[in-house]
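Presented below is the structure to which this report refers.
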There are 2 protein chains.
Amino acid sequence: MSLRSQLLKGILDGCVLAVIEKEPVYGYELSKKLQEFGLSDVSEGTIYPVLLRLQKNGLIMGEMRPSESGPNRKYYFLTKEGKESLNMIVSEWKQMVEPVNSLFKGRDENEGETFN
Amino acid sequence: MSLRSQLLKGILDGCVLAVIEKEPVYGYELSKKLQEFGLSDVSEGTIYPVLLRLQKNGLIMGEMRPSESGPNRKYYFLTKEGKESLNMIVSEWKQMVEPVNSLFKGRDENEGETFN
DNA sequence: TCAGCTATTTTGTTAAGCAAGATAGCTGGG
DNA sequence: CCCAGCTATCTTGCTTAACAAAATAGCTGA
């Protein structure tokens with residue numbers, strides 16, 4: 001598993017909720033959108049389990065809609081609980097990023113190779 | 001498992017390496033230091049497996065030293081590989097934080113309760 | 001009709017945080 | 001002297017998450 005994958009843990013739910021909050025999307029579209037945002041390698045095998053879990057927990061609602069070209073799509077909407085959860089996730093995220101950034105701050109990235 | 005715990009995944013290794021880079025520490029001390037930094041609830045059951053894994057991967061080296069008051073302590077030092085790995089982790093971290101922050105930006109945190 | 005795209009779902013693997021507890025050395029009070 | 005309590009390390013078992021891979025299936029156009 002890649003380093004990037006590990007960093008995704010725990011925050012992917014938040015990213016998914018944030019995208020859905022802006023506008024309802026279906027899974028296939030969602031994985032493309034996240035990749036555009038810079039979260040590469042977020043494939044269907046990752047996205048669909050997340051969507052199912054979020055729906056099971058009542059944070060999003062799925063609704064099947066016919067597609068003009070292709071199989072039906074299941075569009076997801078944020079519930080009230082989803083919005084509240086997203087607020088909490090964003091808040092926790094900020095509280096997490098700050099100490100990590102301060103730990104990483106002021107490092108000389110070439111320290112290991114300065115004395116060649 | 002808490003949201004905080006999930007967010008820790010993948011970045012805890014980097015945090016541990018960053019602390020050890022500044023000065024060699026032993027496990028018990030490390031868990032206290034991380035808590036001071038704002039990474040609460042990082043207990044021994046979390047720290048020791050991380051240290052063992054990092055050592056197994058050659059990123060840190062452990063050295064037993066007698067304590068003036070209490071049982072012996074195993075101090076850990078960063079290896080060259082550890083420094084290189086830390087550089088990579090910090091770099092990936094930055095590439096990760098940016099898109100997530102942009103996804104979370106500009107949200108009205110009271111949106112769900114504005115119309116009570 | 002069938003190849004290829006879109007789209008969803010499931011299964012199984014790997015790995016991480018962590019609570020809980022085992023082990024053990026040291027110190028000081030009774 | 002001994003045992004309670006602190007320091008310190010390590011292990012076991014549980015839960016959850018990312019994700020590769022494959023199964024399923026609808027639609028379109030050649």
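Chain identifiers are assigned as A, B, and so on, following the order in which chains appear in the structure tokens; residues are numbered from 1 within each chain, and ligands are numbered from 1 in order of appearance.
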
Using only C-alpha atoms (C1' of nucleotides), which residues of chain D come within 10 Å of stretch 48-54 of chain A, and what is the closest atom pair for each, with the distance in Å to one decimal? Give it as CSV, sorted by chain and residue number.
residue,atom,partner,partner_atom,distance
D:DA17,C1',A:Val50,CA,9.1
D:DA18,C1',A:Pro49,CA,9.6
D:DC19,C1',A:Pro49,CA,10.0

Interface list for chain A, partner chain B, 8 Å threshold, only C-alpha atoms, as a VMD selection string: chain A and resid 3 to 11 15 18 to 19 37 to 39 80 83 to 84 87 89 to 90 92 to 93 96 to 97 99 to 100 103 to 104 109 111 to 112

Specify as a PyMOL selection string all residues of chain A found within 7 Å of chain D, counting only C-alpha atoms (C1' of nucleotides). chain A and resi 5+9+45-46+69-71

Include N, CA and C atoms and write out the residues we just selected as a PDB file, in the first residue's frame.
ATOM      1  N   SER A   5      -1.865   6.349   0.148  1.00  0.00           N
ATOM      2  CA  SER A   5      -3.058   5.639   0.621  1.00  0.00           C
ATOM      3  C   SER A   5      -3.224   5.795   2.115  1.00  0.00           C
ATOM      4  N   LYS A   9      -6.284   7.817   4.801  1.00  0.00           N
ATOM      5  CA  LYS A   9      -7.145   7.187   5.799  1.00  0.00           C
ATOM      6  C   LYS A   9      -7.787   8.212   6.720  1.00  0.00           C
ATOM      7  N   GLY A  45     -12.916   0.663  -6.387  1.00  0.00           N
ATOM      8  CA  GLY A  45     -12.810  -0.257  -5.254  1.00  0.00           C
ATOM      9  C   GLY A  45     -12.703   0.457  -3.929  1.00  0.00           C
ATOM     10  N   THR A  46     -12.281   1.706  -3.984  1.00  0.00           N
ATOM     11  CA  THR A  46     -12.204   2.521  -2.771  1.00  0.00           C
ATOM     12  C   THR A  46     -13.481   3.311  -2.561  1.00  0.00           C
ATOM     13  N   SER A  69     -27.092   8.043 -21.355  1.00  0.00           N
ATOM     14  CA  SER A  69     -26.207   7.203 -22.171  1.00  0.00           C
ATOM     15  C   SER A  69     -25.451   6.235 -21.296  1.00  0.00           C
ATOM     16  N   GLY A  70     -26.071   5.071 -21.049  1.00  0.00           N
ATOM     17  CA  GLY A  70     -25.386   4.068 -20.256  1.00  0.00           C
ATOM     18  C   GLY A  70     -26.262   3.555 -19.144  1.00  0.00           C
ATOM     19  N   PRO A  71     -25.707   2.765 -18.257  1.00  0.00           N
ATOM     20  CA  PRO A  71     -26.487   2.189 -17.156  1.00  0.00           C
ATOM     21  C   PRO A  71     -26.902   3.263 -16.159  1.00  0.00           C
TER      22      PRO A  71
END

Would you return as an NGL selection string the members of stretch 6-116 of chain B that DSSP assigns to alpha helix (DSSP H) on this structure's backbone? :B and (6-8 or 12-22 or 27-36 or 44-56 or 80-104)

I need the chain C residues near chain B as an NGL selection string; criterion: at most 7 Å, counting only C-alpha atoms (C1' of nucleotides). :C and (16-18 or 25-26)

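In this model, the gap between atom CA of B:Lys32 and atom CA of B:Lys56 comes to 22.9 Å.
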
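Atom CA of B:Lys33 lies 14.1 Å from atom CA of B:Tyr75.
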